[in-house]
>>> print(open('input_25.txt').read())   # compact mmCIF, C-alpha atoms
# COMPACT_ATOMS: atom_id res chain seq x y z
CA MET A 186 -9.55 -49.89 -20.48
CA SER A 187 -8.47 -50.53 -24.05
CA MET A 188 -11.02 -51.71 -26.59
CA SER A 189 -9.34 -55.11 -27.00
CA LYS A 190 -9.29 -55.78 -23.25
CA ARG A 191 -12.90 -54.69 -22.89
CA HIS A 192 -13.87 -56.96 -25.78
CA ALA A 193 -12.08 -59.91 -24.14
CA VAL A 194 -13.96 -59.38 -20.88
CA VAL A 195 -17.32 -59.23 -22.66
CA MET A 196 -16.55 -62.33 -24.70
CA ARG A 197 -15.90 -64.44 -21.59
CA VAL A 198 -19.43 -63.94 -20.29
CA PRO A 199 -22.22 -65.55 -22.29
CA ASN A 200 -24.71 -62.97 -23.51
CA LEU A 201 -28.35 -63.55 -24.31
CA ALA A 202 -27.82 -63.71 -28.06
CA SER A 203 -25.19 -66.43 -27.81
CA LEU A 204 -27.29 -68.39 -25.33
CA TRP A 205 -30.21 -68.46 -27.74
CA GLU A 206 -28.12 -69.55 -30.70
CA GLY A 207 -28.51 -73.00 -32.14
CA GLY A 208 -31.98 -73.70 -30.80
CA ASP A 209 -30.78 -74.48 -27.29
CA TRP A 210 -34.12 -75.84 -26.04
CA ILE A 211 -32.75 -77.72 -23.07
CA ILE A 212 -33.23 -77.06 -19.38
CA ARG A 213 -29.81 -76.61 -17.82
CA ALA A 214 -30.08 -76.06 -14.10
CA MET A 215 -30.75 -77.83 -10.85
CA SER A 216 -30.67 -74.79 -8.61
CA SER A 217 -30.43 -71.05 -9.07
CA THR A 218 -26.79 -71.21 -7.97
CA LEU A 219 -25.89 -73.96 -10.40
CA THR A 220 -27.03 -72.55 -13.71
CA ARG A 221 -25.02 -72.59 -16.90
CA LEU A 222 -24.21 -68.90 -16.43
CA ALA A 223 -22.82 -69.45 -12.93
CA ALA A 224 -20.84 -72.52 -14.00
CA GLU A 225 -19.39 -70.87 -17.10
CA PHE A 226 -18.66 -67.72 -15.15
CA ALA A 227 -16.73 -69.69 -12.53
CA LEU A 228 -14.97 -71.87 -15.07
CA THR A 229 -13.93 -69.19 -17.55
CA SER A 230 -13.49 -65.98 -15.56
CA PRO A 231 -10.15 -65.27 -13.93
CA PHE A 232 -10.14 -64.90 -10.15
CA GLN A 233 -9.08 -61.26 -10.40
CA GLU A 234 -12.15 -60.31 -12.45
CA LEU A 235 -14.63 -62.15 -10.23
CA SER A 236 -13.17 -60.84 -7.02
CA THR A 237 -12.82 -57.27 -8.28
CA THR A 238 -16.29 -56.86 -9.81
CA LEU A 239 -18.88 -58.96 -7.99
CA GLY A 240 -17.02 -59.17 -4.70
CA LEU A 241 -16.49 -55.41 -4.63
CA VAL A 242 -20.22 -54.77 -4.99
CA ALA A 243 -21.00 -57.16 -2.12
CA VAL A 244 -18.34 -55.60 0.13
CA ALA A 245 -19.42 -52.03 -0.76
CA LEU A 246 -23.08 -52.83 -0.11
CA VAL A 247 -22.38 -54.38 3.28
CA VAL A 248 -20.35 -51.28 4.25
CA VAL A 249 -23.22 -48.98 3.17
CA LEU A 250 -25.75 -51.05 5.14
CA LEU A 251 -23.52 -51.18 8.25
CA VAL A 252 -23.15 -47.37 8.15
CA ARG A 253 -26.93 -47.04 7.71
CA ARG A 254 -27.45 -49.36 10.68
CA GLU A 255 -25.14 -47.31 12.88
CA VAL A 256 -26.87 -44.06 11.83
CA THR A 257 -30.24 -45.62 12.72
CA ARG A 258 -28.88 -46.83 16.07
CA ALA A 259 -27.37 -43.43 16.89
CA ALA A 260 -30.53 -41.56 15.90
CA GLY A 261 -32.60 -43.84 18.11
CA GLY A 262 -36.30 -43.06 18.44
CA ALA A 263 -39.36 -45.21 18.00
CA GLY A 264 -38.89 -48.08 15.60
CA ALA A 265 -35.08 -47.88 15.54
CA THR A 266 -34.77 -51.49 16.72
CA ALA A 267 -37.23 -52.68 14.09
CA ARG A 268 -35.33 -50.78 11.38
CA MET A 269 -32.03 -52.30 12.52
CA ARG A 270 -33.55 -55.81 12.42
CA LEU A 271 -34.74 -55.07 8.91
CA LEU A 272 -31.24 -54.05 7.85
CA ASP A 273 -29.79 -57.14 9.57
CA LEU A 274 -31.59 -59.46 7.17
CA ALA A 275 -29.42 -58.04 4.37
CA ILE A 276 -26.30 -57.39 6.45
CA VAL A 277 -25.88 -60.93 7.85
CA PRO A 278 -25.75 -62.88 4.53
CA LEU A 279 -23.75 -60.12 2.83
CA LEU A 280 -21.26 -60.06 5.69
CA VAL A 281 -20.71 -63.82 5.32
CA ALA A 282 -20.38 -63.44 1.54
CA ALA A 283 -17.94 -60.53 1.98
CA ALA A 284 -15.90 -62.59 4.45
CA VAL A 285 -15.69 -65.48 1.96
CA VAL A 286 -14.79 -63.11 -0.91
CA LEU A 287 -12.11 -61.33 1.15
CA GLY A 288 -10.85 -64.63 2.61
CA THR A 289 -10.41 -66.24 -0.80
CA ARG A 290 -8.73 -63.06 -2.06
CA VAL A 291 -6.24 -63.08 0.82
CA ALA A 292 -5.64 -66.81 0.30
CA HIS A 293 -5.14 -66.17 -3.41
CA LEU A 294 -2.60 -63.42 -2.71
CA ALA A 295 -0.82 -65.54 -0.11
CA GLY A 296 -0.75 -68.57 -2.39
CA MET B 1022 -60.54 -15.92 4.85
CA SER B 1023 -63.49 -18.06 3.88
CA ALA B 1024 -63.02 -21.83 4.15
CA GLU B 1025 -65.01 -22.28 0.96
CA ARG B 1026 -62.81 -22.87 -2.09
CA LEU B 1027 -63.57 -21.91 -5.64
CA PRO B 1028 -64.18 -24.91 -7.93
CA GLY B 1029 -61.25 -25.78 -10.16
CA LEU B 1030 -58.58 -24.36 -7.87
CA PRO B 1031 -55.98 -26.90 -6.73
CA ARG B 1032 -56.03 -27.98 -3.11
CA PRO B 1033 -53.27 -26.59 -0.92
CA LEU B 1034 -50.20 -28.82 -0.67
CA ASP B 1035 -50.67 -31.27 2.19
CA ARG B 1036 -47.24 -32.60 3.05
CA GLY B 1037 -48.70 -35.16 5.44
CA ALA B 1038 -50.92 -36.56 2.71
CA LEU B 1039 -47.94 -36.74 0.34
CA ALA B 1040 -45.93 -38.62 2.96
CA ARG B 1041 -48.77 -41.11 3.39
CA LEU B 1042 -49.20 -41.59 -0.35
CA GLY B 1043 -46.74 -44.49 -0.43
CA ASP B 1044 -48.61 -46.30 2.31
CA ARG B 1045 -51.91 -46.07 0.45
CA SER B 1046 -50.48 -47.07 -2.93
CA ASP B 1047 -51.98 -50.11 -4.59
CA PRO B 1048 -50.07 -53.18 -3.29
CA THR B 1049 -50.69 -55.01 -6.56
CA ALA B 1050 -49.03 -52.20 -8.52
CA THR B 1051 -46.12 -52.10 -6.06
CA ALA B 1052 -45.66 -55.87 -6.21
CA MET B 1053 -45.87 -55.98 -10.01
CA ALA B 1054 -43.43 -53.08 -10.42
CA VAL B 1055 -40.84 -54.62 -8.07
CA VAL B 1056 -41.24 -58.11 -9.54
CA LEU B 1057 -40.76 -56.74 -13.08
CA LEU B 1058 -37.72 -54.76 -11.91
CA LEU B 1059 -36.22 -57.93 -10.41
CA ALA B 1060 -36.80 -59.79 -13.68
CA ALA B 1061 -35.28 -56.89 -15.66
CA VAL B 1062 -32.16 -56.92 -13.50
CA GLU B 1063 -31.84 -60.69 -14.03
CA LEU B 1064 -31.99 -60.01 -17.77
CA VAL B 1065 -29.19 -57.44 -17.37
CA ILE B 1066 -27.09 -60.09 -15.57
CA VAL B 1067 -27.41 -62.43 -18.55
CA ALA B 1068 -27.48 -59.95 -21.43
CA VAL B 1069 -25.03 -57.24 -20.28
CA HIS B 1070 -22.69 -58.40 -17.50
CA PRO B 1071 -23.17 -60.05 -14.09
CA SER B 1072 -21.42 -57.19 -12.28
CA THR B 1073 -23.81 -54.60 -13.80
CA GLY B 1074 -26.77 -56.70 -12.68
CA VAL B 1075 -25.32 -57.20 -9.21
CA LEU B 1076 -24.83 -53.43 -8.90
CA LEU B 1077 -28.48 -52.84 -9.89
CA HIS B 1078 -29.57 -55.51 -7.39
CA ALA B 1079 -27.63 -53.63 -4.70
CA PHE B 1080 -29.49 -50.39 -5.48
CA LEU B 1081 -32.79 -52.27 -5.52
CA ALA B 1082 -32.08 -53.97 -2.18
CA VAL B 1083 -31.20 -50.65 -0.49
CA ALA B 1084 -34.29 -48.95 -1.98
CA LEU B 1085 -36.64 -51.77 -0.88
CA LEU B 1086 -35.21 -51.93 2.65
CA GLU B 1087 -35.43 -48.15 2.96
CA ALA B 1088 -39.03 -48.15 1.70
CA ALA B 1089 -39.92 -51.04 4.03
CA SER B 1090 -38.48 -49.19 7.03
CA ARG B 1091 -40.51 -46.06 6.20
CA ALA B 1092 -43.82 -47.81 5.43
CA THR B 1093 -46.45 -47.38 8.11
CA TRP B 1094 -48.91 -49.85 6.61
CA ARG B 1095 -47.92 -53.31 7.85
CA ARG B 1096 -48.80 -55.22 4.68
CA GLN B 1097 -46.80 -52.78 2.57
CA ALA B 1098 -43.81 -53.10 4.93
CA ASP B 1099 -44.05 -56.92 4.89
CA LEU B 1100 -44.32 -56.97 1.11
CA LEU B 1101 -41.27 -54.73 0.63
CA THR B 1102 -39.29 -56.71 3.23
CA ALA B 1103 -40.01 -60.03 1.52
CA LEU B 1104 -39.18 -58.59 -1.90
CA ALA B 1105 -35.88 -57.13 -0.59
CA VAL B 1106 -34.63 -60.64 0.20
CA VAL B 1107 -34.51 -61.56 -3.51
CA PRO B 1108 -31.86 -59.00 -4.63
CA VAL B 1109 -29.84 -59.69 -1.47
CA VAL B 1110 -29.67 -63.43 -2.14
CA ARG B 1111 -28.86 -62.81 -5.80
CA ILE B 1112 -25.88 -60.63 -4.85
CA VAL B 1113 -24.68 -63.35 -2.47
CA THR B 1114 -25.27 -66.08 -5.08
CA LEU B 1115 -23.22 -64.35 -7.76
CA ALA B 1116 -20.54 -62.79 -5.56
CA MET B 1117 -19.54 -66.15 -4.13
CA VAL B 1118 -19.00 -67.89 -7.47
CA GLY B 1119 -15.26 -68.38 -7.70
CA PRO B 1120 -12.78 -70.76 -9.31
CA ASP B 1121 -10.73 -70.88 -6.09
CA LEU B 1122 -13.60 -72.45 -4.17
CA PRO B 1123 -14.75 -76.05 -4.77
CA PRO B 1124 -18.02 -76.18 -6.80
CA VAL B 1125 -20.00 -77.56 -3.87
CA ALA B 1126 -18.98 -74.48 -1.84
CA TRP B 1127 -19.93 -71.82 -4.39
CA ALA B 1128 -23.13 -73.67 -5.22
CA GLY B 1129 -24.08 -74.71 -1.69
CA LEU B 1130 -22.95 -71.86 0.56
CA PRO B 1131 -25.14 -69.22 -1.17
CA LEU B 1132 -28.11 -71.56 -0.72
CA LEU B 1133 -27.39 -71.73 3.01
CA LEU B 1134 -27.26 -67.93 3.09
CA MET B 1135 -30.52 -67.79 1.09
CA LEU B 1136 -32.07 -69.99 3.76
CA GLY B 1137 -30.69 -67.77 6.53
CA SER B 1138 -31.97 -64.57 4.88
CA THR B 1139 -35.41 -66.10 4.44
CA LEU B 1140 -35.56 -67.17 8.09
CA LEU B 1141 -34.44 -63.70 9.23
CA ALA B 1142 -37.06 -62.03 7.01
CA ALA B 1143 -39.73 -64.43 8.29
CA ARG B 1144 -38.79 -63.50 11.86
CA VAL B 1145 -39.05 -59.76 11.08
CA ILE B 1146 -42.39 -60.17 9.27
CA GLY B 1147 -43.72 -62.60 11.87
CA SER B 1148 -42.92 -60.23 14.73
CA SER B 1149 -44.62 -57.31 12.96
CA SER B 1150 -47.83 -59.31 12.48
CA GLY B 1151 -47.74 -61.02 15.86
CA GLY B 1152 -47.14 -64.47 14.38
CA SER B 1153 -44.23 -66.88 14.47
CA TRP B 1154 -41.59 -67.25 11.75
CA SER B 1155 -42.78 -70.78 11.01
CA ALA B 1156 -46.36 -69.59 10.48
CA THR B 1157 -45.06 -66.82 8.19
CA LEU B 1158 -43.28 -69.45 6.07
CA GLY B 1159 -46.28 -71.78 6.05
CA LEU B 1160 -44.49 -74.62 7.80
CA ALA B 1161 -47.72 -76.29 8.82
CA ARG B 1162 -48.86 -79.85 8.16
CA PRO B 1163 -50.25 -79.98 4.58
CA ARG B 1164 -54.01 -80.38 4.27
CA GLU B 1165 -54.34 -82.69 1.26
CA ALA B 1166 -51.93 -85.63 1.10
CA ALA B 1167 -53.00 -86.43 -2.49
CA VAL B 1168 -51.75 -83.04 -3.72
CA THR B 1169 -48.38 -83.59 -2.05
CA ALA B 1170 -48.10 -87.07 -3.59
CA GLY B 1171 -49.05 -85.68 -7.01
CA VAL B 1172 -46.42 -82.92 -6.83
CA ILE B 1173 -43.73 -85.42 -5.78
CA ALA B 1174 -44.72 -87.70 -8.67
CA ALA B 1175 -44.65 -84.76 -11.12
CA GLY B 1176 -41.15 -83.86 -9.95
CA VAL B 1177 -39.66 -87.22 -10.98
CA PRO B 1178 -40.11 -86.97 -14.79
CA ALA B 1179 -39.13 -83.30 -14.65
CA GLY B 1180 -35.94 -84.29 -12.84
CA LEU B 1181 -35.18 -87.06 -15.35
CA ILE B 1182 -35.36 -84.61 -18.26
CA LEU B 1183 -33.32 -82.05 -16.31
CA GLY B 1184 -30.67 -84.65 -15.44
CA MET B 1185 -30.21 -85.77 -19.04
CA ALA B 1186 -29.81 -82.18 -20.15
CA GLN B 1187 -27.68 -81.01 -17.25
CA ALA B 1188 -25.19 -83.91 -17.27
CA PRO B 1189 -22.57 -82.29 -19.61
CA ILE B 1190 -22.30 -79.04 -17.66
CA LEU B 1191 -22.23 -80.88 -14.32
CA GLY B 1192 -19.50 -83.13 -15.71
CA ARG B 1193 -17.48 -80.05 -16.69
CA VAL B 1194 -17.94 -78.47 -13.25
CA GLY B 1195 -16.89 -81.74 -11.65
CA ILE B 1196 -19.60 -82.33 -9.06
CA GLY B 1197 -20.13 -85.85 -7.72
CA LEU B 1198 -23.40 -87.57 -6.79
CA THR B 1199 -23.15 -86.87 -3.05
CA GLU B 1200 -22.50 -83.19 -3.67
CA LEU B 1201 -25.34 -83.05 -6.22
CA LEU B 1202 -27.78 -84.60 -3.73
CA LEU B 1203 -26.65 -82.14 -1.07
CA ILE B 1204 -27.16 -79.18 -3.42
CA ALA B 1205 -30.54 -80.58 -4.55
CA ALA B 1206 -31.76 -80.83 -0.95
CA LEU B 1207 -30.46 -77.36 -0.07
CA ALA B 1208 -31.91 -75.83 -3.24
CA ALA B 1209 -35.33 -77.39 -2.61
CA LEU B 1210 -35.46 -76.09 0.96
CA ALA B 1211 -33.91 -72.64 0.41
CA GLU B 1212 -35.67 -71.75 -2.84
CA GLU B 1213 -39.10 -73.04 -1.79
CA LEU B 1214 -38.99 -71.37 1.62
CA LEU B 1215 -38.07 -68.08 -0.09
CA PHE B 1216 -40.41 -68.14 -3.08
CA ARG B 1217 -43.39 -70.24 -1.96
CA GLY B 1218 -43.01 -69.86 1.81
CA LEU B 1219 -42.10 -66.21 2.28
CA LEU B 1220 -42.76 -64.35 -0.97
CA GLN B 1221 -45.95 -66.06 -2.12
CA ARG B 1222 -47.59 -65.94 1.31
CA VAL B 1223 -46.75 -62.26 1.86
CA LEU B 1224 -47.92 -61.46 -1.68
CA ALA B 1225 -51.14 -63.42 -1.07
CA ASP B 1226 -51.76 -61.29 2.01
CA ALA B 1227 -51.39 -58.13 -0.09
CA VAL B 1228 -52.76 -58.99 -3.55
CA GLY B 1229 -54.70 -62.27 -3.21
CA SER B 1230 -53.62 -65.89 -3.57
CA THR B 1231 -54.08 -66.34 -7.34
CA ALA B 1232 -52.08 -63.24 -8.28
CA ALA B 1233 -49.49 -64.17 -5.64
CA ILE B 1234 -48.76 -67.54 -7.31
CA GLY B 1235 -47.98 -65.78 -10.59
CA LEU B 1236 -46.06 -62.90 -9.05
CA ALA B 1237 -43.86 -65.20 -6.91
CA THR B 1238 -43.12 -67.33 -9.99
CA VAL B 1239 -41.70 -64.38 -12.00
CA PRO B 1240 -38.52 -63.83 -9.92
CA PHE B 1241 -38.21 -67.61 -9.37
CA ALA B 1242 -38.11 -68.19 -13.14
CA ALA B 1243 -36.03 -65.05 -13.75
CA ILE B 1244 -33.14 -66.26 -11.59
CA TYR B 1245 -32.94 -69.25 -13.94
CA LEU B 1246 -32.29 -66.99 -16.96
CA GLY B 1247 -28.67 -68.03 -16.42
CA THR B 1248 -29.59 -71.47 -17.79
CA GLY B 1249 -29.41 -69.88 -21.22
CA SER B 1250 -32.54 -71.60 -22.46
CA VAL B 1251 -35.90 -69.99 -23.13
CA ALA B 1252 -37.61 -73.38 -22.86
CA GLY B 1253 -35.70 -74.01 -19.65
CA VAL B 1254 -36.94 -70.80 -18.08
CA MET B 1255 -40.50 -71.57 -19.25
CA GLY B 1256 -40.17 -75.06 -17.73
CA VAL B 1257 -38.98 -73.62 -14.44
CA ALA B 1258 -41.87 -71.13 -14.55
CA GLY B 1259 -44.32 -74.01 -15.11
CA LEU B 1260 -42.80 -75.92 -12.19
CA GLY B 1261 -43.01 -72.75 -10.08
CA LEU B 1262 -46.70 -72.34 -10.88
CA LEU B 1263 -47.37 -76.00 -10.00
CA LEU B 1264 -45.46 -75.76 -6.72
CA GLY B 1265 -47.17 -72.44 -5.94
CA TRP B 1266 -50.58 -73.94 -6.59
CA ALA B 1267 -49.76 -76.94 -4.37
CA ALA B 1268 -48.56 -74.68 -1.55
CA ASN B 1269 -51.70 -72.58 -1.82
CA ARG B 1270 -54.03 -75.59 -2.04
CA THR B 1271 -52.53 -77.42 0.94
CA GLY B 1272 -51.89 -74.32 3.05
CA SER B 1273 -48.31 -75.48 3.56
CA THR B 1274 -44.90 -74.97 1.93
CA TRP B 1275 -43.81 -78.58 2.54
CA PRO B 1276 -45.47 -80.04 -0.63
CA ALA B 1277 -43.55 -77.48 -2.73
CA VAL B 1278 -40.30 -78.45 -0.98
CA ALA B 1279 -41.09 -82.15 -1.58
CA GLY B 1280 -41.86 -81.56 -5.28
CA HIS B 1281 -38.68 -79.53 -5.78
CA LEU B 1282 -36.67 -82.18 -3.90
CA SER B 1283 -38.03 -85.07 -5.97
CA ALA B 1284 -37.07 -83.20 -9.16
CA GLY B 1285 -33.61 -82.42 -7.75
CA ILE B 1286 -32.90 -85.99 -6.59
CA SER B 1287 -34.03 -87.54 -9.89
CA MET B 1288 -31.92 -85.05 -11.75
CA ALA B 1289 -28.84 -85.70 -9.64
CA LEU B 1290 -29.16 -89.48 -10.10
CA VAL B 1291 -29.63 -89.26 -13.87
CA ALA B 1292 -26.83 -86.71 -14.34
CA SER B 1293 -24.51 -88.90 -12.30
CA LEU B 1294 -25.41 -92.04 -14.30
CA VAL B 1295 -24.93 -90.25 -17.63
CA ASN B 1296 -21.53 -88.90 -16.56
CA ALA B 1297 -20.47 -92.32 -15.24
>>> encode(input="input_25.txt", output="structure tokens")
Amino acid sequence: MSMSKRHAVVMRVPNLASLWEGGDWIIRAMSSTLTRLAAEFALTSPFQELSTTLGLVAVALVVVLLVRREVTRAAGGAGATARMRLLDLAIVPLLVAAAVVLGTRVAHLAG
Amino acid sequence: MSAERLPGLPRPLDRGALARLGDRSDPTATAMAVVLLLAAVELVIVAVHPSTGVLLHAFLAVALLEAASRATWRRQADLLTALAVVPVVRIVTLAMVGPDLPPVAWAGLPLLLMLGSTLLAARVIGSSSGGSWSATLGLARPREAAVTAGVIAAGVPAGLILGMAQAPILGRVGIGLTELLLIAALAALAEELLFRGLLQRVLADAVGSTAAIGLATVPFAAIYLGTGSVAGVMGVAGLGLLLGWAANRTGSTWPAVAGHLSAGISMALVASLVNA
């Protein structure tokens, strides 16, 4: 990645220094999903960047956890079911998130 | 060979004892270390880049789930399981933010998934301790009605201040009153069940109720670092401590949900009026 492109990517995301500038002593959130960071990230970042960076991590993690689950299931033994249930609590929400990320990506490509 | 050992010589390596070391580790130290790590990753999200933070959250989630599956001490396993939910929901929260989705979807859907993860974790923890998921989350009738009323009343002025401040950004995002009320209700339920219901109660079981209120508040406030305001994060931390105290005092998570909801509704109404 060239320096100018890298700089442009960094500039789109508010960093801590810029957020503290100007004595910004105001509460700006109603939920953890609706903070200024999330809103600005959604409003200013191109779809490609969001889908490629954050979505990729979510998809990669769900693949890793699904492989781990299958290894646990195949190994069997005492506590295998409990371990799989433990992994499920991360797999289920991540699978839904991955489906949404991939679905919007496909829709974006189709559109 | 004589069983008697000379003083000063190291004991022979006991692999079994080493394997059990994690189970006997101080739960307070474990909880503090993980909570500080979660806060540090939230700082990375804001200060470096969201994708770097999400990657670190992924490593943390895998490590916590792996440690929880290997723990033989129930409280340690429960603690690690509850803590693992936080990085998972943060990955979901940030991965689903997208300009192609309507704001109510990228703000509301992650909250639904947060709720689902919390319920799944409560089921896992409840089954390991022989209790129900609702008991794990503290979904009992609150003991002191006055505390609940006080928390609801305290939420109203907090929501008014929040609404005045939040109106410009909500106007930019383009969220209407109905959607705001929906998000406020979802946020109150999902966030309180996770932080006060699951995390605080599991922490209280491991480290005591007073320390648990503080420890559960750290990740709750840290996920609001994205507000971009130091005072905002401190305000959220103060609200978290109040809601944590109310949940502990009443023996129920419902007063915390009610307090969070009153703040959210007041905020949505004020933000909507300002934008109108």
>>> atom_distance(input="input_25.txt", atom1="atom CA of Ala1103 of chain B", atom2="atom CA of Trp1127 of chain B")
24.0 Å
>>> closest_residue(input="input_25.txt", among="A:Leu241, A:Met269, A:Leu279, A:Leu250", to="Val1083 of chain B", atoms="all atoms listed in the file")
A:Leu250
>>> residues_near_point(input="input_25.txt", point="(-32.3, -87.5, -7.5)", cutoff="12 Å", atoms="all atoms listed in the file", output="number ranges by chain")
A: 215; B: 1173, 1176-1185, 1198-1206, 1209, 1279-1294
>>> closest_residue(input="input_25.txt", among="B:Leu1214, B:Ala1170, B:Leu1064, B:Val1223", to="chain A", atoms="only C-alpha atoms")
B:Leu1064
>>> closest_residue(input="input_25.txt", among="A:Leu294, A:Leu287, A:Ala260, A:Ala282", to="chain B", atoms="all atoms listed in the file")
A:Ala282
>>> residues_around(input="input_25.txt", residues="Arg1162 of chain B", least_positions_apart="6", cutoff="10 Å", atoms="all atoms listed in the file", output="MDAnalysis selection string")
chainID B and resid 1271:1276
>>> residues_around(input="input_25.txt", residues="Ala1142 of chain B", least_positions_apart="5", cutoff="8 Å", atoms="only C-alpha atoms", output="number ranges by chain")
A: 271, 274; B: 1102-1103, 1106
